[in-house]
Structure formats: structure tokens, C-alpha cells
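Dumped protein11.tsv below, it's TSV, C-alpha atoms:
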chain	number	residue	atom	x	y	z
X	1	MET	CA	35.06	13.46	11.28
X	2	GLU	CA	36.80	15.76	13.74
X	3	GLU	CA	40.27	17.23	13.68
X	4	ASN	CA	42.57	16.79	16.68
X	5	ALA	CA	39.89	15.26	18.92
X	6	TYR	CA	41.40	11.80	19.22
X	7	ILE	CA	44.40	10.12	17.65
X	8	LEU	CA	42.24	7.28	16.26
X	9	GLY	CA	39.52	9.61	15.01
X	10	THR	CA	35.85	9.84	15.99
X	11	GLU	CA	34.13	8.52	12.87
X	12	GLN	CA	31.45	5.81	12.90
X	13	ALA	CA	33.90	2.93	12.50
X	14	GLU	CA	35.87	4.12	15.53
X	15	LEU	CA	32.68	4.53	17.55
X	16	HIS	CA	31.85	0.90	16.83
X	17	ARG	CA	35.40	-0.17	17.71
X	18	LEU	CA	35.17	1.60	21.07
X	19	GLY	CA	31.99	-0.31	21.83
X	20	LEU	CA	33.74	-3.56	21.02
X	21	GLN	CA	36.74	-2.48	23.09
X	22	HIS	CA	34.49	-1.86	26.08
X	23	GLN	CA	33.00	-5.35	25.80
X	24	VAL	CA	36.52	-6.78	25.99
X	25	TRP	CA	37.55	-4.64	28.98
X	26	SER	CA	34.24	-4.19	30.83
X	27	SER	CA	34.94	-6.85	33.47
X	28	GLU	CA	38.23	-5.12	34.33
X	29	ALA	CA	36.45	-1.78	34.57
X	30	ARG	CA	33.83	-3.18	36.93
X	31	ARG	CA	36.46	-4.77	39.14
X	32	GLY	CA	38.18	-1.39	39.37
X	33	TRP	CA	34.90	0.31	40.29
X	34	GLU	CA	34.40	-2.21	43.10
X	35	LEU	CA	37.90	-1.47	44.41
X	36	GLY	CA	37.04	2.21	44.16
X	37	GLY	CA	33.96	1.68	46.30
X	38	PHE	CA	31.71	3.31	43.71
X	39	GLY	CA	28.04	3.11	44.65
X	40	PRO	CA	24.58	4.72	44.89
X	41	GLY	CA	24.32	8.40	45.70
X	42	GLN	CA	27.87	9.26	44.73
X	43	THR	CA	29.13	11.91	42.32
X	44	LEU	CA	31.70	10.39	39.97
X	45	LEU	CA	33.88	11.85	37.24
X	46	ASP	CA	34.43	9.89	34.02
X	47	LEU	CA	37.59	11.56	32.74
X	48	GLY	CA	37.81	11.23	28.94
X	49	CYS	CA	34.39	9.66	28.74
X	50	GLY	CA	34.31	9.36	24.93
X	51	PRO	CA	30.92	8.13	23.67
X	52	GLY	CA	30.09	6.95	27.18
X	53	PHE	CA	30.22	3.17	27.34
X	54	CYS	CA	31.59	3.39	30.89
X	55	THR	CA	29.66	6.55	31.76
X	56	THR	CA	26.29	4.90	31.23
X	57	GLU	CA	27.22	1.91	33.41
X	58	LEU	CA	28.51	4.22	36.12
X	59	ALA	CA	25.23	6.15	35.96
X	60	TYR	CA	23.32	2.98	36.83
X	61	ILE	CA	25.77	2.32	39.69
X	62	VAL	CA	25.26	5.76	41.30
X	63	ALA	CA	21.49	5.51	40.64
X	64	GLN	CA	19.13	8.46	40.48
X	65	THR	CA	20.42	9.78	43.80
X	66	GLY	CA	23.91	10.21	42.34
X	67	LYS	CA	25.51	11.79	39.30
X	68	VAL	CA	28.24	11.06	36.76
X	69	ILE	CA	30.14	13.94	35.18
X	70	GLY	CA	31.50	13.04	31.75
X	71	VAL	CA	34.30	15.15	30.29
X	72	ASP	CA	35.60	14.76	26.74
X	73	LEU	CA	37.15	16.90	24.03
X	74	SER	CA	35.09	15.42	21.18
X	75	PRO	CA	31.73	17.12	20.44
X	76	ASN	CA	30.73	14.06	18.39
X	77	TYR	CA	31.21	11.72	21.32
X	78	VAL	CA	29.57	14.04	23.83
X	79	THR	CA	26.53	14.38	21.52
X	80	THR	CA	26.32	10.59	21.21
X	81	LEU	CA	26.42	10.19	24.99
X	82	ARG	CA	23.91	12.98	25.60
X	83	LYS	CA	21.38	11.20	23.39
X	84	GLN	CA	21.82	7.98	25.38
X	85	ALA	CA	21.53	9.83	28.69
X	86	GLU	CA	18.31	11.50	27.60
X	87	LEU	CA	16.87	8.32	26.13
X	88	HIS	CA	17.40	6.34	29.33
X	89	ALA	CA	16.93	9.23	31.79
X	90	LEU	CA	20.39	8.74	33.26
X	91	PRO	CA	21.94	11.13	35.82
X	92	ILE	CA	24.79	12.25	33.57
X	93	GLU	CA	26.21	15.76	33.30
X	94	LEU	CA	28.35	16.38	30.21
X	95	ARG	CA	31.12	18.84	29.45
X	96	THR	CA	32.92	19.28	26.13
X	97	CYS	CA	36.38	20.57	26.96
X	98	SER	CA	40.01	19.63	27.42
X	99	PHE	CA	41.24	18.50	30.82
X	100	ASP	CA	43.07	21.81	31.16
X	101	GLU	CA	39.80	23.69	30.64
X	102	MET	CA	37.84	21.39	32.93
X	103	GLU	CA	36.37	23.11	36.00
X	104	LEU	CA	35.52	21.06	39.07
X	105	ALA	CA	34.22	22.34	42.38
X	106	PRO	CA	36.45	21.62	45.40
X	107	ASN	CA	35.43	18.58	47.49
X	108	SER	CA	32.59	17.73	45.10
X	109	LEU	CA	33.56	14.26	43.88
X	110	ASP	CA	33.34	10.86	45.54
X	111	GLY	CA	35.41	9.23	42.82
X	112	MET	CA	37.01	9.43	39.41
X	113	TYR	CA	37.52	6.82	36.70
X	114	CYS	CA	39.67	7.06	33.61
X	115	ARG	CA	40.81	4.55	31.02
X	116	TRP	CA	43.26	5.51	28.26
X	117	ALA	CA	42.81	9.20	29.05
X	118	LEU	CA	46.09	10.31	30.64
X	119	ALA	CA	48.16	8.70	27.88
X	120	TRP	CA	47.17	11.47	25.47
X	121	VAL	CA	47.99	14.55	27.55
X	122	PRO	CA	51.40	16.12	28.26
X	123	ASN	CA	50.59	16.99	31.88
X	124	PRO	CA	49.06	14.04	33.76
X	125	GLU	CA	50.45	15.42	37.03
X	126	GLU	CA	48.45	18.63	36.65
X	127	VAL	CA	45.30	16.80	35.59
X	128	LEU	CA	45.44	14.47	38.59
X	129	ALA	CA	46.15	17.39	40.92
X	130	LYS	CA	42.99	19.09	39.60
X	131	VAL	CA	40.94	15.95	40.23
X	132	GLN	CA	42.54	15.57	43.68
X	133	ALA	CA	41.34	19.05	44.65
X	134	ALA	CA	37.81	18.11	43.56
X	135	LEU	CA	37.75	14.86	45.54
X	136	LYS	CA	36.16	14.69	48.96
X	137	PRO	CA	38.36	13.24	51.73
X	138	GLY	CA	38.27	9.48	51.23
X	139	GLY	CA	37.40	9.89	47.55
X	140	ARG	CA	39.12	7.51	45.17
X	141	MET	CA	40.51	7.51	41.65
X	142	VAL	CA	40.54	4.35	39.55
X	143	ILE	CA	43.06	4.77	36.74
X	144	GLN	CA	43.60	2.22	33.94
X	145	GLU	CA	46.38	2.99	31.47
X	146	TYR	CA	49.02	1.22	29.38
X	147	PHE	CA	52.10	-0.02	31.23
X	148	ASP	CA	54.11	-1.24	28.23
X	149	TRP	CA	52.71	-0.94	24.72
X	150	THR	CA	55.70	-2.81	23.25
X	151	THR	CA	54.32	-6.09	24.60
X	152	PHE	CA	51.94	-6.05	21.61
X	153	GLN	CA	53.13	-9.06	19.57
X	154	THR	CA	51.91	-12.15	17.78
X	155	GLU	CA	52.61	-15.86	17.73
X	156	PRO	CA	53.78	-16.86	15.25
X	157	PRO	CA	55.57	-13.58	14.50
X	158	LEU	CA	54.81	-12.42	10.95
X	159	PRO	CA	57.31	-9.93	9.46
X	160	HIS	CA	54.95	-7.48	7.75
X	161	LEU	CA	52.56	-7.37	10.67
X	162	LYS	CA	55.45	-6.90	13.09
X	163	LYS	CA	56.61	-3.93	11.02
X	164	GLY	CA	53.12	-2.44	11.03
X	165	ILE	CA	52.79	-2.78	14.81
X	166	ALA	CA	56.17	-1.09	15.23
X	167	ALA	CA	54.94	1.84	13.12
X	168	VAL	CA	51.84	2.13	15.30
X	169	TYR	CA	53.99	2.27	18.42
X	170	ARG	CA	56.20	4.99	16.95
X	171	SER	CA	53.14	7.07	16.18
X	172	MET	CA	51.89	6.76	19.74
X	173	LYS	CA	55.22	7.15	21.49
X	174	HIS	CA	56.55	10.06	19.44
X	175	GLY	CA	53.62	11.38	17.43
X	176	GLN	CA	51.39	12.75	20.18
X	177	PRO	CA	51.95	14.96	23.24
X	178	GLY	CA	51.38	12.32	25.92
X	179	ASP	CA	53.17	9.19	27.09
X	180	ILE	CA	51.47	6.04	25.84
X	181	ASP	CA	53.06	4.07	28.71
X	182	VAL	CA	51.99	6.55	31.38
X	183	GLY	CA	50.51	3.82	33.57
X	184	ARG	CA	53.89	2.88	35.02
X	185	ARG	CA	54.30	6.45	36.29
X	186	ILE	CA	50.94	6.80	38.00
X	187	PRO	CA	51.88	5.37	41.43
X	188	ALA	CA	54.84	7.76	41.72
X	189	ILE	CA	52.73	10.71	40.54
X	190	ALA	CA	50.02	9.85	43.06
X	191	GLU	CA	52.48	9.58	45.95
X	192	ALA	CA	54.08	12.89	44.99
X	193	LEU	CA	50.62	14.49	45.20
X	194	GLY	CA	50.06	13.03	48.65
X	195	LEU	CA	47.51	10.47	47.50
X	196	LYS	CA	47.45	7.04	49.12
X	197	VAL	CA	48.02	4.17	46.68
X	198	LEU	CA	45.55	1.45	47.66
X	199	ASN	CA	46.02	-1.09	44.90
X	200	VAL	CA	48.10	-1.74	41.80
X	201	ARG	CA	47.48	-4.61	39.39
X	202	SER	CA	48.48	-5.62	35.91
X	203	MET	CA	45.88	-6.35	33.24
X	204	SER	CA	46.80	-8.42	30.21
X	205	LYS	CA	44.90	-9.99	27.33
X	206	LEU	CA	46.06	-12.95	25.27
X	207	ALA	CA	43.75	-13.32	22.28
X	208	ARG	CA	42.96	-16.33	20.10
X	209	PRO	CA	41.16	-16.07	16.72
X	210	THR	CA	37.93	-17.53	18.12
X	211	ASP	CA	37.85	-15.15	21.12
X	212	LEU	CA	35.93	-11.88	21.35
X	213	THR	CA	39.21	-10.39	22.61
X	214	TRP	CA	40.72	-11.02	19.17
X	215	GLU	CA	38.40	-8.42	17.67
X	216	TRP	CA	40.01	-5.70	19.80
X	217	PRO	CA	43.50	-5.72	18.20
X	218	TYR	CA	42.06	-6.88	14.87
X	219	SER	CA	39.68	-3.92	14.53
X	220	PHE	CA	42.27	-1.49	15.88
X	221	LEU	CA	44.89	-2.44	13.28
X	222	ASN	CA	42.39	-2.37	10.42
X	223	ILE	CA	41.29	1.15	11.35
X	224	TYR	CA	44.54	2.70	12.51
X	225	LEU	CA	47.21	1.35	10.17
X	226	PRO	CA	45.80	3.13	7.06
X	227	LYS	CA	45.84	6.42	9.00
X	228	LEU	CA	49.62	6.17	9.30
X	229	VAL	CA	50.05	6.42	5.53
X	230	GLU	CA	48.90	10.05	5.61
X	231	ARG	CA	51.44	10.74	8.35
X	232	GLY	CA	54.29	9.23	6.36
X	233	LEU	CA	55.02	6.53	8.94
X	234	ILE	CA	54.26	3.62	6.61
X	235	THR	CA	53.48	3.08	2.93
X	236	GLU	CA	50.23	1.81	1.45
X	237	GLU	CA	52.01	-1.34	0.33
X	238	GLU	CA	53.32	-1.94	3.84
X	239	VAL	CA	49.80	-1.52	5.23
X	240	GLU	CA	48.41	-3.99	2.70
X	241	ASN	CA	51.12	-6.50	3.57
X	242	ALA	CA	50.60	-6.04	7.31
X	243	LEU	CA	46.85	-6.53	7.04
X	244	ALA	CA	47.37	-9.56	4.82
X	245	ASP	CA	49.55	-11.02	7.58
X	246	LEU	CA	46.79	-10.23	10.07
X	247	GLN	CA	44.26	-12.10	7.93
X	248	ALA	CA	46.63	-15.03	7.67
X	249	LEU	CA	47.11	-15.04	11.44
X	250	THR	CA	43.34	-14.97	11.95
X	251	ALA	CA	43.05	-18.13	9.85
X	252	MET	CA	45.56	-19.97	12.05
X	253	PRO	CA	43.78	-22.02	14.75
X	254	GLN	CA	46.82	-21.69	17.02
X	255	GLY	CA	47.47	-18.02	16.25
X	256	MET	CA	47.78	-15.65	19.21
X	257	ILE	CA	48.02	-11.93	19.88
X	258	LEU	CA	49.45	-10.65	23.13
X	259	CYS	CA	47.79	-7.27	23.58
X	260	PRO	CA	49.63	-4.27	25.08
X	261	MET	CA	50.09	-4.60	28.83
X	262	MET	CA	47.71	-2.51	30.92
X	263	MET	CA	47.80	-1.63	34.60
X	264	GLU	CA	45.34	-0.28	37.14
X	265	VAL	CA	46.07	2.05	40.05
X	266	VAL	CA	43.51	2.84	42.76
X	267	VAL	CA	44.36	5.85	44.93
X	268	GLU	CA	42.61	7.66	47.76
X	269	LYS	CA	42.56	11.23	48.98
X	270	THR	CA	43.36	11.10	52.68
Show the structure stored in the file as C-alpha cells.
Amino acid sequence: MEENAYILGTEQAELHRLGLQHQVWSSEARRGWELGGFGPGQTLLDLGCGPGFCTTELAYIVAQTGKVIGVDLSPNYVTTLRKQAELHALPIELRTCSFDEMELAPNSLDGMYCRWALAWVPNPEEVLAKVQAALKPGGRMVIQEYFDWTTFQTEPPLPHLKKGIAAVYRSMKHGQPGDIDVGRRIPAIAEALGLKVLNVRSMSKLARPTDLTWEWPYSFLNIYLPKLVERGLITEEEVENALADLQALTAMPQGMILCPMMMEVVVEKT
């Protein structure tokens, strides 16, 4: 357990959930990397690398002639990733620090990738400006963040679960320093910095109980809802009722969960 490293925590259950999450979103990540032109011999930054599910894949993409720099605030996650990098002899350089403390050499990066990283910081403009200075001319950033978290809903709507999801949104919108829906602001931030916006696309997931995608919101709610009791945003009884609704929804063959809307922005340093 770590304090203040990540809003969802960094314990073993969350580590497993992040692995599951990456399986659900890995195809979208790879498509973004293709649009970013990531390839052998490059130096890439994985901003907010966490335990490194994307970092390790990027390391194979850049090959032994390249390098991936992983930056994360969590010592637990960085230690986990370092073990994987050493085990598989991957070209990964790791730094345990905040984005504000992060030091990057000017014109040293061919690209940057981040997913759900800028949503947790109060100064995405400053962070992106720092990465911009480190990019070589023609270097690209691939940014995947939430566009509208309020799209998270179920069919059929179940009252206790709906209440629980609303409590989660309040915790993310008002209970942390960043903007959970920062994705919608990225194109404007990039243009203000003088970056060229190459591509913008939406990314949505509609889950059914028999889909792997279902496990993403299912595991998230089971882990995160109980944490809100300690913060006074929901009662234990309300959590129990919400999770009971979730179990009931999982047993419905026609049940559906519309996951929070994501978006991707690919920008280039001219």
C-alpha cells in the first residue's frame, strides 16, 4: 500500500486490474502508436507508466537500438516494472518522480505516450510543454484520456448502481487535483503550445456480460466503491446495494455497460 501515489491505490488487486485494463485497451494503444510512427531505434517516453504494461510493449517496438523512459510516482509500480525489464533484458530506463520533478534533455525524444496520466495532475499544460521541449522536431505525442466520464451508464439502469457510479464520478471530478475529462481540452492545449494536431478520435467501449471488456468496469467498481466509504462519499450499505445491482446486471444476458468515453489526440512538434 502507498499513500497518495494513485487515486485507486497500488495494492496487488489494483495491479491485477491494471493488467486486465490493458488487455481491454491494448488494441487502441497499438493503433495510437502506429499513428505516432513509433518504431525501432527511437527514444520514447511513457508518461505515467505505472507497472509497465504499455512500457514493455513499447520496448519491443523500439528494439535494442532504442529506449523507453518510464516515469511514475509510485515506487511499487516502478519496482514491478524494473523486475520485468531486467528479466526480459528490455531497453527501459525508469524514474520514480512526479511530472513536475521529471527532467528530460532537450530534443532527446522521438515520441511520448500517455494514457490516463494527465487526468490526475492540475497542470497538464505545463507537463505537455515540458515534453514538447524534450521532443525532437517531428516528434509526436500520443495522448489517450477521458473525454466524458459521465457517459458511464448501464442498461437496464439500476438505481443503487447508478447512485454508486455517481459517487465515483464526484470523487474523480472534485476529489483530486486534476480534471478527469481532460481529454476534451488536449487539442486546444496542444495548439496553444504550437504543436500540430495530426489526429483526433473517440474511443468507446460497450460491454456485455460475456465480453472481456465487461471485466474492466466490473473490477473497477468492486475495487473502488469500497474506498469511497472512507472518504465519506458513500455508505457501506450503499456500496453493498450498488455491488448487488452489479451482480444482478452481470447475470442478465442482455445487460450492458457503456464505459466512460475516451479520446485520443496525436500531435507533432514542428
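When only C-alpha atoms are used to compute distances to X:Ala129, the closest of the residues X:Ala190, X:Leu47, X:Leu15, X:Met261 turns out to be X:Ala190.
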*asked:* Restricting the calculation to only C-alpha atoms: of X:Arg17, X:Arg185, X:Arg31, X:Lys196, which residue gets closest to X:Leu118?
replied: X:Arg185
_Polymer residues at most 9 Å from stretch 253-257 of chain X, all atoms listed in the file, same-chain spacing of 2 or more positions, as an MDAnalysis selection string_ = chainID X and resid 152:156 205:210 214 217 249:251 259
*Please determine the residues with any atom at most 6 Å from (54.1, -7.0, 6.2) (coordinates as given in the file, with all atoms listed in the file counting) and report them as a PyMOL selection string.*
chain X and resi 159-161+238+241-242
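Taking atom CA of X:Met112 and atom CA of X:Asp46 as the two end points, the separation is 6.0 Å.
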*Pick from X:Leu258, X:Thr65, X:Pro177, X:Val197 nearest to X:Trp216, counting all atoms listed in the file*: X:Leu258
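Of note, atom CA of X:Val24 and atom CA of X:Val168 are spaced 20.7 Å apart.
For the point (47.2, 19.9, 35.4), the residues with at least one atom inside 12 Å, counting all atoms listed in the file, are Ser98, Phe99, Asp100, Glu101, Met102, Glu103, Leu118, Val121, Pro122, Asn123, Pro124, Glu125, Glu126, Val127, Leu128, Ala129, Lys130, Val131, Gln132, Ala133, Ile189 and Leu193 of chain X.
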Close residues, X:Leu18 itself excluded, 10 Å, only C-alpha atoms, min 2 positions apart in chain, as a PDB file with C-alpha atoms, in the coordinates of the input:
ATOM      1  CA  THR X  10      35.850   9.840  15.990  1.00  0.00           C
ATOM      2  CA  GLN X  12      31.450   5.810  12.900  1.00  0.00           C
ATOM      3  CA  ALA X  13      33.900   2.930  12.500  1.00  0.00           C
ATOM      4  CA  GLU X  14      35.870   4.120  15.530  1.00  0.00           C
ATOM      5  CA  LEU X  15      32.680   4.530  17.550  1.00  0.00           C
ATOM      6  CA  HIS X  16      31.850   0.900  16.830  1.00  0.00           C
ATOM      7  CA  LEU X  20      33.740  -3.560  21.020  1.00  0.00           C
ATOM      8  CA  GLN X  21      36.740  -2.480  23.090  1.00  0.00           C
ATOM      9  CA  HIS X  22      34.490  -1.860  26.080  1.00  0.00           C
ATOM     10  CA  GLN X  23      33.000  -5.350  25.800  1.00  0.00           C
ATOM     11  CA  VAL X  24      36.520  -6.780  25.990  1.00  0.00           C
ATOM     12  CA  GLY X  50      34.310   9.360  24.930  1.00  0.00           C
ATOM     13  CA  PRO X  51      30.920   8.130  23.670  1.00  0.00           C
ATOM     14  CA  GLY X  52      30.090   6.950  27.180  1.00  0.00           C
ATOM     15  CA  PHE X  53      30.220   3.170  27.340  1.00  0.00           C
ATOM     16  CA  TRP X 216      40.010  -5.700  19.800  1.00  0.00           C
ATOM     17  CA  SER X 219      39.680  -3.920  14.530  1.00  0.00           C
ATOM     18  CA  PHE X 220      42.270  -1.490  15.880  1.00  0.00           C
TER      19      PHE X 220
END
_Which residue of X:Leu81, X:Val265, X:Ala105, X:Ile186 approaches X:Gly36 most closely, using all atoms listed in the file_ = X:Val265
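Distances from X:Gly19, X:Gly164, X:Gly138, X:Gly178 to X:Gly111 were compared using all atoms listed in the file, and the smallest one belongs to X:Gly138.
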*May I ask which of the residues X:Pro187, X:Pro226, X:Gly232, X:Pro106 is the closest one to X:Met141, counting only C-alpha atoms?*
X:Pro187
*So how many Å separate atom CA of X:Pro91 and atom CA of X:Lys67, to one decimal?*
5.0 Å
